[in-house]
$ cat structure.csv   # CSV, C-alpha atoms
chain,number,residue,atom,x,y,z
A,845,MET,CA,124.6,-68.2,-48.4
A,846,ARG,CA,125.2,-71.3,-46.3
A,847,PRO,CA,123.4,-74.6,-46.5
A,848,PHE,CA,121.9,-73.7,-43.2
A,849,ASP,CA,120.4,-70.5,-44.7
A,850,LEU,CA,118.6,-72.5,-47.4
A,851,ALA,CA,117.6,-75.3,-45.0
A,852,ARG,CA,116.1,-73.0,-42.3
A,853,GLU,CA,113.6,-71.5,-44.7
A,854,HIS,CA,112.0,-74.9,-45.3
A,855,GLY,CA,112.5,-76.6,-42.0
A,856,ILE,CA,114.8,-79.2,-43.6
A,857,SER,CA,118.3,-80.4,-42.7
A,858,THR,CA,121.5,-79.0,-44.2
A,859,GLN,CA,122.2,-82.6,-45.3
A,860,ALA,CA,119.0,-82.6,-47.3
A,861,VAL,CA,120.2,-79.5,-49.2
A,862,ARG,CA,123.5,-81.1,-50.0
A,863,ASN,CA,121.6,-84.3,-51.1
A,864,TYR,CA,119.4,-82.2,-53.4
A,865,GLU,CA,122.4,-80.6,-55.0
A,866,ARG,CA,124.0,-84.1,-55.4
A,867,ASP,CA,120.9,-85.4,-57.1
A,868,GLY,CA,120.7,-82.5,-59.6
A,869,PHE,CA,117.7,-80.8,-58.1
A,870,LEU,CA,119.9,-77.7,-57.4
A,871,PRO,CA,122.5,-76.2,-59.8
A,872,PRO,CA,126.1,-77.0,-59.0
A,873,THR,CA,127.8,-74.8,-56.4
A,874,LYS,CA,131.1,-73.1,-56.3
A,875,ARG,CA,133.5,-73.7,-53.4
A,876,THR,CA,135.6,-71.5,-51.2
A,877,PRO,CA,139.4,-72.2,-51.1
A,878,SER,CA,138.7,-74.2,-47.9
A,879,GLY,CA,136.0,-76.4,-49.6
A,880,TYR,CA,132.8,-74.9,-48.3
A,881,ARG,CA,129.9,-74.6,-50.7
A,882,ILE,CA,128.7,-71.2,-51.8
A,883,TYR,CA,125.0,-70.9,-52.3
A,884,THR,CA,123.3,-67.9,-54.0
A,885,GLU,CA,119.8,-66.7,-54.5
A,886,VAL,CA,119.7,-68.8,-57.6
A,887,HIS,CA,120.1,-71.9,-55.4
A,888,ALA,CA,117.5,-70.7,-53.0
A,889,ALA,CA,115.1,-70.2,-55.9
A,890,ALA,CA,115.9,-73.6,-57.2
A,891,LEU,CA,115.2,-75.2,-53.8
A,892,ARG,CA,111.8,-73.3,-53.6
A,893,ALA,CA,110.9,-74.5,-57.0
A,894,PHE,CA,111.8,-78.1,-56.3
A,895,LEU,CA,110.0,-78.3,-53.0
A,896,SER,CA,106.9,-76.7,-54.5
A,897,LEU,CA,106.9,-79.2,-57.4
A,898,VAL,CA,106.8,-82.2,-55.0
A,899,PRO,CA,103.2,-81.8,-53.8
A,900,ALA,CA,102.1,-80.9,-57.3
A,901,TYR,CA,103.7,-83.7,-59.3
A,902,GLY,CA,105.4,-86.1,-56.8
A,903,HIS,CA,109.0,-86.3,-55.6
A,904,ALA,CA,110.3,-88.4,-58.6
A,905,THR,CA,108.7,-86.1,-61.2
A,906,ALA,CA,109.8,-83.0,-59.4
A,907,GLY,CA,113.4,-84.3,-59.5
A,908,GLN,CA,113.1,-85.1,-63.1
A,909,ILE,CA,111.8,-81.6,-64.0
A,910,MET,CA,114.7,-79.9,-62.2
A,911,ASN,CA,117.3,-82.3,-63.7
A,912,ALA,CA,115.9,-81.5,-67.1
A,913,LEU,CA,116.3,-77.8,-66.5
A,914,HIS,CA,119.8,-78.2,-65.3
A,915,ARG,CA,120.8,-80.1,-68.5
A,916,ASP,CA,119.2,-77.3,-70.6
A,917,ALA,CA,116.3,-79.6,-71.7
A,918,LEU,CA,113.4,-77.1,-71.2
A,919,ASP,CA,111.1,-79.0,-73.5
A,920,ASP,CA,111.6,-82.2,-71.5
A,921,ALA,CA,110.7,-80.4,-68.3
A,922,LEU,CA,107.6,-78.9,-69.9
A,923,VAL,CA,106.5,-82.4,-71.2
A,924,LEU,CA,106.7,-83.7,-67.6
A,925,ILE,CA,104.6,-80.8,-66.4
A,926,ASP,CA,102.1,-81.3,-69.2
A,927,ARG,CA,101.7,-84.9,-68.3
A,928,GLY,CA,101.0,-84.0,-64.7
A,929,HIS,CA,98.2,-81.6,-65.8
A,930,SER,CA,96.8,-84.2,-68.1
A,931,GLN,CA,96.7,-86.8,-65.4
A,932,LEU,CA,95.0,-84.4,-63.0
A,933,LEU,CA,92.4,-83.7,-65.7
A,934,ARG,CA,91.8,-87.4,-66.2
A,935,ASP,CA,91.4,-87.9,-62.4
A,936,ARG,CA,88.9,-85.1,-62.3
A,937,GLU,CA,86.9,-86.7,-65.2
A,938,THR,CA,87.0,-90.0,-63.3
A,939,LEU,CA,85.7,-88.4,-60.2
A,940,ASP,CA,83.0,-86.7,-62.1
A,941,ALA,CA,82.0,-90.0,-63.7
A,942,VAL,CA,81.8,-91.7,-60.4
A,943,ARG,CA,79.7,-89.0,-58.9
A,944,LYS,CA,77.2,-89.0,-61.8
A,945,ALA,CA,77.0,-92.8,-61.7
A,946,VAL,CA,76.4,-92.8,-58.0
A,947,ASP,CA,73.7,-90.1,-58.3
A,948,HIS,CA,72.0,-92.0,-61.2
A,949,LEU,CA,71.9,-95.3,-59.5
A,950,THR,CA,70.9,-93.9,-56.2
A,951,ALA,CA,67.9,-92.2,-57.9
A,952,GLU,CA,67.0,-95.5,-59.6
A,953,GLY,CA,67.2,-97.2,-56.3
A,954,ASP,CA,65.0,-94.7,-54.6
A,955,ALA,CA,62.4,-95.2,-57.4
A,956,THR,CA,62.3,-98.9,-56.8
A,957,THR,CA,59.6,-99.7,-54.3
A,958,ASP,CA,59.8,-103.5,-54.3
A,959,ALA,CA,63.5,-104.4,-54.2
A,960,SER,CA,62.6,-107.8,-52.6
A,961,ALA,CA,61.1,-108.9,-55.9
A,962,ALA,CA,64.5,-108.9,-57.6
A,963,PRO,CA,66.7,-112.0,-57.3
A,964,ALA,CA,69.8,-111.8,-55.1
A,965,THR,CA,71.9,-113.2,-57.9
A,966,ARG,CA,71.6,-113.4,-61.7
A,967,THR,CA,73.0,-115.5,-64.4
A,968,ILE,CA,74.9,-114.0,-67.3
A,969,GLY,CA,71.8,-114.2,-69.5
A,970,GLU,CA,69.6,-112.6,-66.8
A,971,LEU,CA,72.0,-109.7,-66.2
A,972,ALA,CA,72.5,-109.2,-69.9
A,973,HIS,CA,68.7,-109.0,-70.4
A,974,GLN,CA,68.4,-106.6,-67.6
A,975,LEU,CA,71.0,-104.2,-69.0
A,976,ARG,CA,70.0,-104.9,-72.6
A,977,VAL,CA,73.4,-105.9,-73.6
A,978,THR,CA,74.8,-109.2,-74.9
A,979,PRO,CA,76.4,-111.9,-72.7
A,980,ALA,CA,79.6,-111.3,-74.8
A,981,THR,CA,79.6,-107.7,-73.6
A,982,LEU,CA,79.6,-108.9,-70.0
A,983,ARG,CA,82.4,-111.3,-70.7
A,984,ASN,CA,84.4,-108.4,-72.2
A,985,TRP,CA,83.8,-106.3,-69.1
A,986,GLU,CA,85.1,-109.3,-67.0
A,987,ASP,CA,88.2,-109.5,-69.2
A,988,ALA,CA,88.8,-105.8,-68.6
A,989,GLY,CA,88.6,-106.3,-64.8
A,990,ILE,CA,85.3,-104.5,-64.4
A,991,LEU,CA,83.3,-107.5,-63.3
A,992,THR,CA,84.4,-110.4,-61.1
A,993,PRO,CA,81.5,-112.8,-61.0
A,994,ALA,CA,81.6,-116.0,-58.9
A,995,ARG,CA,81.7,-119.4,-60.7
A,996,ASP,CA,79.7,-122.5,-59.9
A,997,PRO,CA,82.3,-125.1,-58.9
A,998,VAL,CA,80.5,-127.8,-60.8
A,999,THR,CA,79.2,-126.2,-63.9
A,1000,GLY,CA,81.5,-123.2,-64.1
A,1001,HIS,CA,78.6,-120.9,-64.8
A,1002,ARG,CA,78.9,-117.3,-63.8
A,1003,SER,CA,76.8,-116.0,-60.9
A,1004,TYR,CA,76.4,-112.2,-60.4
A,1005,GLY,CA,75.7,-111.1,-56.9
A,1006,PRO,CA,74.5,-107.7,-55.7
A,1007,SER,CA,77.9,-106.0,-55.9
A,1008,ASP,CA,78.5,-107.5,-59.4
A,1009,ILE,CA,75.1,-106.2,-60.5
A,1010,ARG,CA,76.0,-102.8,-59.1
A,1011,ASP,CA,79.3,-102.8,-60.9
A,1012,ALA,CA,77.7,-103.8,-64.2
A,1013,GLU,CA,75.2,-101.0,-63.9
A,1014,PHE,CA,78.0,-98.5,-63.3
A,1015,ALA,CA,79.9,-99.9,-66.3
A,1016,HIS,CA,76.8,-99.8,-68.5
A,1017,LEU,CA,76.1,-96.2,-67.5
A,1018,LEU,CA,79.7,-95.1,-68.1
A,1019,ARG,CA,79.9,-97.0,-71.4
A,1020,ARG,CA,76.9,-95.1,-72.7
A,1021,GLY,CA,78.7,-92.0,-71.7
A,1022,GLY,CA,81.6,-92.9,-74.0
A,1023,TYR,CA,84.2,-94.0,-71.4
A,1024,LEU,CA,86.7,-96.6,-72.4
A,1025,LEU,CA,86.9,-99.9,-70.6
A,1026,ASP,CA,90.2,-99.2,-68.8
A,1027,HIS,CA,88.8,-95.9,-67.5
A,1028,ILE,CA,85.6,-97.7,-66.3
A,1029,ALA,CA,87.7,-100.3,-64.6
A,1030,THR,CA,89.4,-97.5,-62.6
A,1031,VAL,CA,86.0,-96.1,-61.6
A,1032,VAL,CA,84.7,-99.5,-60.5
A,1033,GLN,CA,87.8,-100.1,-58.5
A,1034,GLN,CA,87.2,-96.8,-56.6
A,1035,ILE,CA,83.7,-98.0,-55.8
A,1036,ARG,CA,84.8,-101.4,-54.6
A,1037,THR,CA,87.4,-99.9,-52.3
A,1038,ALA,CA,84.9,-97.5,-50.8
A,1039,GLY,CA,82.3,-100.1,-50.0
A,1040,ASP,CA,78.9,-98.8,-48.8
A,1041,THR,CA,77.2,-95.6,-50.1
A,1042,ASP,CA,78.1,-93.4,-47.1
A,1043,THR,CA,81.7,-94.5,-47.2
A,1044,LEU,CA,81.8,-93.9,-50.9
A,1045,ALA,CA,80.4,-90.4,-50.5
A,1046,THR,CA,83.2,-89.6,-47.9
A,1047,ALA,CA,85.8,-91.1,-50.2
A,1048,LEU,CA,84.6,-89.0,-53.1
A,1049,ASP,CA,84.8,-85.8,-51.0
A,1050,ASP,CA,88.3,-86.7,-49.9
A,1051,TRP,CA,89.3,-87.4,-53.4
A,1052,HIS,CA,87.9,-84.1,-54.6
A,1053,HIS,CA,89.8,-82.3,-51.8
A,1054,LYS,CA,93.1,-84.0,-52.8
A,1055,LEU,CA,92.6,-83.0,-56.5
A,1056,THR,CA,91.9,-79.4,-55.5
A,1057,THR,CA,94.9,-79.3,-53.3
A,1058,GLN,CA,97.1,-80.7,-56.0
A,1059,GLY,CA,95.7,-78.2,-58.5
A,1060,LEU,CA,96.5,-75.3,-56.2
A,1061,ALA,CA,100.0,-76.8,-55.6
A,1062,MET,CA,100.5,-76.8,-59.4
A,1063,LEU,CA,99.8,-73.1,-59.5
A,1064,THR,CA,102.2,-72.4,-56.6
A,1065,ALA,CA,104.9,-74.5,-58.3
A,1066,ALA,CA,104.4,-72.6,-61.6
A,1067,THR,CA,105.1,-69.4,-59.8
A,1068,HIS,CA,108.3,-70.6,-58.1
A,1069,LEU,CA,109.5,-72.3,-61.3
A,1070,SER,CA,108.9,-69.3,-63.4
A,1071,HIS,CA,110.9,-67.1,-61.0
A,1072,TYR,CA,113.7,-69.7,-61.0
A,1073,LEU,CA,113.8,-69.7,-64.8
A,1074,SER,CA,113.9,-65.9,-64.9
A,1075,LEU,CA,117.0,-65.9,-62.6
A,1076,THR,CA,118.8,-68.5,-64.8
A,1077,ALA,CA,117.9,-66.6,-68.0
A,1078,VAL,CA,116.2,-69.7,-69.6
A,1079,VAL,CA,114.7,-68.6,-72.9
A,1080,VAL,CA,112.8,-70.3,-75.7
A,1081,ASN,CA,114.7,-70.4,-78.9
$ encode --input "structure.csv" --output "structure tokens"
Amino acid sequence: MRPFDLAREHGISTQAVRNYERDGFLPPTKRTPSGYRIYTEVHAAALRAFLSLVPAYGHATAGQIMNALHRDALDDALVLIDRGHSQLLRDRETLDAVRKAVDHLTAEGDATTDASAAPATRTIGELAHQLRVTPATLRNWEDAGILTPARDPVTGHRSYGPSDIRDAEFAHLLRRGGYLLDHIATVVQQIRTAGDTDTLATALDDWHHKLTTQGLAMLTAATHLSHYLSLTAVVVN
């Protein structure tokens, strides 16, 4: 097979195929007496495997997986794959946590009939009393990047606005669910980025779609990778 034969299947350039070989994503090729590369079905399978790994695990990790296989380090390749699945599961759990928190707080907001009675801002003591936590807890959440209250320029006292109160409520809900502070900080950052409720709902739908697409890509990659391993006779000792 020629570089063109491999490239045409995927709509890439022949130079890209040569680059993938150079970077260790494809096994080494033999050469004709005149110096032309000779590609086989093994190389074609390797290319399919690598390109299917990219949307599943990212370009860098896909390259690391193929390099590990080509140095006969199957366990190293499997660890990289396991890490990818672990991260996807964590992302799914984070998404689920955000959805539950949004639904919970939306329900609470709908049940509140006199929102004007609540102050626009709260002190650390007032917010702690509202959530039934200690001021020290709120300070810990601030250290973790979950809360970012404003400070009075004269006294230095913390002032929690509406967005801070919302973030604190999210954090309190997720903490009760057993989530660690660094995980909660990730969730709160997603909420801050989204902004209003409608935008957040759209962002969550997009996020869910991306995770589903990645999960399906992992299944496709597993198929191509398994076929490639069968051609190279990789076995577990």
$ residues_around --input "structure.csv" --residues "range 930-939 of chain A" --least-positions-apart "6" --cutoff "8 Å" --atoms "all atoms listed in the file" --output "PyMOL selection string"
chain A and resi 1027+1030-1031+1048+1051-1052+1055+1059
$ axis_aligned_box --input "structure.csv" --around "range 1004-1009 of chain A" --padding-each-side "8 Å" --output "JSON"
{"center_x": 76.5, "center_y": -109.1, "center_z": -58.1, "size_x": 20.0, "size_y": 22.2, "size_z": 20.8}
$ residues_around --input "structure.csv" --residues "Glu885 in chain A" --least-positions-apart "4" --cutoff "9 Å" --atoms "all atoms listed in the file" --output "compact mmCIF listing (two decimals) with C-alpha atoms, keeping the file's coordinate frame"
# COMPACT_ATOMS: atom_id res chain seq x y z
CA MET A 845 124.60 -68.20 -48.40
CA ALA A 889 115.10 -70.20 -55.90
CA ALA A 890 115.90 -73.60 -57.20
CA LEU A 1075 117.00 -65.90 -62.60
$ residues_around --input "structure.csv" --residues "Ser1003 in chain A" --least-positions-apart "3" --cutoff "8 Å" --atoms "only C-alpha atoms" --output "MDAnalysis selection string"
chainID A and resid 965:968 993:996
$ atom_distance --input "structure.csv" --atom1 "CA of Tyr1072 in chain A" --atom2 "CA of Pro877 in chain A"
27.7 Å
$ closest_residue --input "structure.csv" --among "A:Thr999, A:Asn911, A:Thr981, A:Gln1058" --to "Glu865 in chain A" --atoms "all atoms listed in the file"
A:Asn911
$ residues_around --input "structure.csv" --residues "range 1062-1071 of chain A" --least-positions-apart "6" --cutoff "6 Å" --atoms "only C-alpha atoms" --output "list in words"
Ala893, Ser896, Leu897 and Ala900 of chain A
$ write_last_selection --input "structure.csv" --atoms "C-alpha atoms" --output "PDB file, in the coordinates of the input"
ATOM      1  CA  ALA A 893     110.900 -74.500 -57.000  1.00  0.00           C
ATOM      2  CA  SER A 896     106.900 -76.700 -54.500  1.00  0.00           C
ATOM      3  CA  LEU A 897     106.900 -79.200 -57.400  1.00  0.00           C
ATOM      4  CA  ALA A 900     102.100 -80.900 -57.300  1.00  0.00           C
TER       5      ALA A 900
END
$ closest_residue --input "structure.csv" --among "A:Leu924, A:Leu913, A:Ala1045, A:Ala1012" --to "Gln974 in chain A" --atoms "only C-alpha atoms"
A:Ala1012
$ atom_distance --input "structure.csv" --atom1 "CA of Arg846 in chain A" --atom2 "CA of Pro899 in chain A"
25.5 Å
$ atom_distance --input "structure.csv" --atom1 "CA of Ala988 in chain A" --atom2 "CA of Gln1034 in chain A"
15.1 Å
$ closest_residue --input "structure.csv" --among "A:Met910, A:Leu850, A:Ala1077, A:Ala1029" --to "Leu870 in chain A" --atoms "all atoms listed in the file"
A:Met910
$ decode --input "structure.csv" --residues "range 884-1026 of chain A" --atoms "C-alpha atoms" --output "PDB file, in the first residue's frame"
ATOM      1  CA  THR A 884       0.499  -3.000   4.811  1.00  0.00           C
ATOM      2  CA  GLU A 885      -2.908  -3.719   6.271  1.00  0.00           C
ATOM      3  CA  VAL A 886      -1.237  -3.572   9.697  1.00  0.00           C
ATOM      4  CA  HIS A 887      -0.337   0.070   9.073  1.00  0.00           C
ATOM      5  CA  ALA A 888      -3.840   0.781   7.812  1.00  0.00           C
ATOM      6  CA  ALA A 889      -5.290  -0.765  10.988  1.00  0.00           C
ATOM      7  CA  ALA A 890      -2.889   1.242  13.141  1.00  0.00           C
ATOM      8  CA  LEU A 891      -3.967   4.439  11.428  1.00  0.00           C
ATOM      9  CA  ARG A 892      -7.644   3.597  11.946  1.00  0.00           C
ATOM     10  CA  ALA A 893      -6.956   2.866  15.594  1.00  0.00           C
ATOM     11  CA  PHE A 894      -5.031   6.086  16.171  1.00  0.00           C
ATOM     12  CA  LEU A 895      -7.565   8.320  14.422  1.00  0.00           C
ATOM     13  CA  SER A 896     -10.419   6.688  16.342  1.00  0.00           C
ATOM     14  CA  LEU A 897      -8.577   7.224  19.634  1.00  0.00           C
ATOM     15  CA  VAL A 898      -8.266  10.982  19.050  1.00  0.00           C
ATOM     16  CA  PRO A 899     -11.954  11.941  19.581  1.00  0.00           C
ATOM     17  CA  ALA A 900     -12.156   9.453  22.454  1.00  0.00           C
ATOM     18  CA  TYR A 901      -9.090  10.444  24.474  1.00  0.00           C
ATOM     19  CA  GLY A 902      -7.541  13.472  22.780  1.00  0.00           C
ATOM     20  CA  HIS A 903      -4.646  13.722  20.330  1.00  0.00           C
ATOM     21  CA  ALA A 904      -1.862  13.604  22.919  1.00  0.00           C
ATOM     22  CA  THR A 905      -3.212  10.578  24.785  1.00  0.00           C
ATOM     23  CA  ALA A 906      -4.022   8.788  21.531  1.00  0.00           C
ATOM     24  CA  GLY A 907      -0.404   9.209  20.494  1.00  0.00           C
ATOM     25  CA  GLN A 908       0.830   7.983  23.866  1.00  0.00           C
ATOM     26  CA  ILE A 909      -1.352   4.873  23.615  1.00  0.00           C
ATOM     27  CA  MET A 910      -0.002   3.977  20.173  1.00  0.00           C
ATOM     28  CA  ASN A 911       3.589   4.663  21.218  1.00  0.00           C
ATOM     29  CA  ALA A 912       3.136   2.418  24.242  1.00  0.00           C
ATOM     30  CA  LEU A 913       1.882  -0.405  22.028  1.00  0.00           C
ATOM     31  CA  HIS A 914       4.799  -0.006  19.639  1.00  0.00           C
ATOM     32  CA  ARG A 915       7.298  -0.369  22.453  1.00  0.00           C
ATOM     33  CA  ASP A 916       5.470  -3.500  23.672  1.00  0.00           C
ATOM     34  CA  ALA A 917       4.133  -1.743  26.779  1.00  0.00           C
ATOM     35  CA  LEU A 918       0.549  -2.989  26.647  1.00  0.00           C
ATOM     36  CA  ASP A 919      -0.074  -2.274  30.333  1.00  0.00           C
ATOM     37  CA  ASP A 920       0.981   1.361  29.877  1.00  0.00           C
ATOM     38  CA  ALA A 921      -1.486   1.714  27.016  1.00  0.00           C
ATOM     39  CA  LEU A 922      -4.279   0.154  29.081  1.00  0.00           C
ATOM     40  CA  VAL A 923      -3.571   2.491  32.003  1.00  0.00           C
ATOM     41  CA  LEU A 924      -3.989   5.485  29.684  1.00  0.00           C
ATOM     42  CA  ILE A 925      -7.288   4.057  28.460  1.00  0.00           C
ATOM     43  CA  ASP A 926      -8.443   3.381  32.024  1.00  0.00           C
ATOM     44  CA  ARG A 927      -7.649   6.959  33.001  1.00  0.00           C
ATOM     45  CA  GLY A 928      -9.735   8.227  30.116  1.00  0.00           C
ATOM     46  CA  HIS A 929     -12.732   6.169  31.212  1.00  0.00           C
ATOM     47  CA  SER A 930     -12.234   7.286  34.807  1.00  0.00           C
ATOM     48  CA  GLN A 931     -12.224  10.948  33.761  1.00  0.00           C
ATOM     49  CA  LEU A 932     -15.349  10.463  31.672  1.00  0.00           C
ATOM     50  CA  LEU A 933     -17.121   8.909  34.663  1.00  0.00           C
ATOM     51  CA  ARG A 934     -16.027  11.811  36.848  1.00  0.00           C
ATOM     52  CA  ASP A 935     -17.349  14.274  34.267  1.00  0.00           C
ATOM     53  CA  ARG A 936     -20.668  12.432  34.196  1.00  0.00           C
ATOM     54  CA  GLU A 937     -20.892  12.566  37.986  1.00  0.00           C
ATOM     55  CA  THR A 938     -20.126  16.286  37.933  1.00  0.00           C
ATOM     56  CA  LEU A 939     -22.814  16.881  35.320  1.00  0.00           C
ATOM     57  CA  ASP A 940     -25.303  14.876  37.380  1.00  0.00           C
ATOM     58  CA  ALA A 941     -24.395  16.887  40.473  1.00  0.00           C
ATOM     59  CA  VAL A 942     -24.951  20.181  38.663  1.00  0.00           C
ATOM     60  CA  ARG A 943     -28.322  19.044  37.302  1.00  0.00           C
ATOM     61  CA  LYS A 944     -29.513  17.922  40.736  1.00  0.00           C
ATOM     62  CA  ALA A 945     -28.319  21.125  42.345  1.00  0.00           C
ATOM     63  CA  VAL A 946     -30.024  23.259  39.702  1.00  0.00           C
ATOM     64  CA  ASP A 947     -33.291  21.340  40.030  1.00  0.00           C
ATOM     65  CA  HIS A 948     -33.170  21.560  43.820  1.00  0.00           C
ATOM     66  CA  LEU A 949     -32.486  25.272  43.961  1.00  0.00           C
ATOM     67  CA  THR A 950     -35.010  26.023  41.219  1.00  0.00           C
ATOM     68  CA  ALA A 951     -37.661  24.189  43.229  1.00  0.00           C
ATOM     69  CA  GLU A 952     -36.705  26.149  46.314  1.00  0.00           C
ATOM     70  CA  GLY A 953     -36.868  29.372  44.357  1.00  0.00           C
ATOM     71  CA  ASP A 954     -40.331  28.548  43.019  1.00  0.00           C
ATOM     72  CA  ALA A 955     -41.509  27.860  46.555  1.00  0.00           C
ATOM     73  CA  THR A 956     -40.352  31.264  47.742  1.00  0.00           C
ATOM     74  CA  THR A 957     -43.195  33.744  47.296  1.00  0.00           C
ATOM     75  CA  ASP A 958     -41.622  36.795  48.857  1.00  0.00           C
ATOM     76  CA  ALA A 959     -38.121  37.052  47.465  1.00  0.00           C
ATOM     77  CA  SER A 960     -38.093  40.824  48.059  1.00  0.00           C
ATOM     78  CA  ALA A 961     -37.977  40.213  51.785  1.00  0.00           C
ATOM     79  CA  ALA A 962     -34.492  38.716  51.529  1.00  0.00           C
ATOM     80  CA  PRO A 963     -31.508  41.103  51.630  1.00  0.00           C
ATOM     81  CA  ALA A 964     -29.546  41.571  48.407  1.00  0.00           C
ATOM     82  CA  THR A 965     -26.291  40.875  50.258  1.00  0.00           C
ATOM     83  CA  ARG A 966     -25.331  39.027  53.408  1.00  0.00           C
ATOM     84  CA  THR A 967     -22.468  39.123  55.844  1.00  0.00           C
ATOM     85  CA  ILE A 968     -20.531  35.967  56.581  1.00  0.00           C
ATOM     86  CA  GLY A 969     -22.476  35.513  59.796  1.00  0.00           C
ATOM     87  CA  GLU A 970     -25.844  35.950  58.077  1.00  0.00           C
ATOM     88  CA  LEU A 971     -24.995  33.521  55.290  1.00  0.00           C
ATOM     89  CA  ALA A 972     -23.598  30.982  57.730  1.00  0.00           C
ATOM     90  CA  HIS A 973     -26.809  31.218  59.778  1.00  0.00           C
ATOM     91  CA  GLN A 974     -28.946  30.791  56.651  1.00  0.00           C
ATOM     92  CA  LEU A 975     -27.079  27.636  55.606  1.00  0.00           C
ATOM     93  CA  ARG A 976     -26.652  26.413  59.181  1.00  0.00           C
ATOM     94  CA  VAL A 977     -22.901  26.167  58.856  1.00  0.00           C
ATOM     95  CA  THR A 978     -20.092  27.970  60.645  1.00  0.00           C
ATOM     96  CA  PRO A 979     -18.300  31.059  59.297  1.00  0.00           C
ATOM     97  CA  ALA A 980     -15.144  28.923  59.263  1.00  0.00           C
ATOM     98  CA  THR A 981     -16.839  26.618  56.761  1.00  0.00           C
ATOM     99  CA  LEU A 982     -17.526  29.534  54.424  1.00  0.00           C
ATOM    100  CA  ARG A 983     -13.906  30.621  54.729  1.00  0.00           C
ATOM    101  CA  ASN A 984     -12.785  27.099  53.821  1.00  0.00           C
ATOM    102  CA  TRP A 985     -15.020  27.193  50.761  1.00  0.00           C
ATOM    103  CA  GLU A 986     -13.453  30.503  49.806  1.00  0.00           C
ATOM    104  CA  ASP A 987      -9.950  29.024  50.139  1.00  0.00           C
ATOM    105  CA  ALA A 988     -11.040  26.186  47.839  1.00  0.00           C
ATOM    106  CA  GLY A 989     -12.163  28.677  45.176  1.00  0.00           C
ATOM    107  CA  ILE A 990     -15.851  27.922  45.622  1.00  0.00           C
ATOM    108  CA  LEU A 991     -16.791  31.379  46.933  1.00  0.00           C
ATOM    109  CA  THR A 992     -15.392  34.759  45.941  1.00  0.00           C
ATOM    110  CA  PRO A 993     -17.110  37.342  48.155  1.00  0.00           C
ATOM    111  CA  ALA A 994     -16.424  41.048  47.816  1.00  0.00           C
ATOM    112  CA  ARG A 995     -14.555  42.853  50.602  1.00  0.00           C
ATOM    113  CA  ASP A 996     -15.386  46.161  52.223  1.00  0.00           C
ATOM    114  CA  PRO A 997     -12.442  48.428  51.294  1.00  0.00           C
ATOM    115  CA  VAL A 998     -12.407  49.971  54.766  1.00  0.00           C
ATOM    116  CA  THR A 999     -13.233  47.141  57.172  1.00  0.00           C
ATOM    117  CA  GLY A1000     -12.223  44.185  55.011  1.00  0.00           C
ATOM    118  CA  HIS A1001     -15.459  42.396  55.937  1.00  0.00           C
ATOM    119  CA  ARG A1002     -16.836  39.925  53.431  1.00  0.00           C
ATOM    120  CA  SER A1003     -20.019  40.761  51.528  1.00  0.00           C
ATOM    121  CA  TYR A1004     -21.938  37.985  49.783  1.00  0.00           C
ATOM    122  CA  GLY A1005     -24.038  39.082  46.814  1.00  0.00           C
ATOM    123  CA  PRO A1006     -26.770  37.086  45.030  1.00  0.00           C
ATOM    124  CA  SER A1007     -24.311  35.044  42.939  1.00  0.00           C
ATOM    125  CA  ASP A1008     -22.203  34.291  46.015  1.00  0.00           C
ATOM    126  CA  ILE A1009     -25.291  33.144  47.904  1.00  0.00           C
ATOM    127  CA  ARG A1010     -26.277  30.907  44.982  1.00  0.00           C
ATOM    128  CA  ASP A1011     -22.782  29.397  44.868  1.00  0.00           C
ATOM    129  CA  ALA A1012     -22.866  28.826  48.620  1.00  0.00           C
ATOM    130  CA  GLU A1013     -26.220  27.065  48.325  1.00  0.00           C
ATOM    131  CA  PHE A1014     -24.846  24.852  45.571  1.00  0.00           C
ATOM    132  CA  ALA A1015     -21.780  24.071  47.642  1.00  0.00           C
ATOM    133  CA  HIS A1016     -23.853  23.296  50.718  1.00  0.00           C
ATOM    134  CA  LEU A1017     -26.102  20.944  48.755  1.00  0.00           C
ATOM    135  CA  LEU A1018     -23.197  19.104  47.119  1.00  0.00           C
ATOM    136  CA  ARG A1019     -21.248  18.903  50.385  1.00  0.00           C
ATOM    137  CA  ARG A1020     -24.186  17.165  51.994  1.00  0.00           C
ATOM    138  CA  GLY A1021     -24.078  14.747  49.080  1.00  0.00           C
ATOM    139  CA  GLY A1022     -20.520  13.799  49.987  1.00  0.00           C
ATOM    140  CA  TYR A1023     -18.675  15.654  47.237  1.00  0.00           C
ATOM    141  CA  LEU A1024     -15.143  16.868  47.935  1.00  0.00           C
ATOM    142  CA  LEU A1025     -14.296  20.557  47.829  1.00  0.00           C
ATOM    143  CA  ASP A1026     -12.220  20.364  44.646  1.00  0.00           C
TER     144      ASP A1026
END
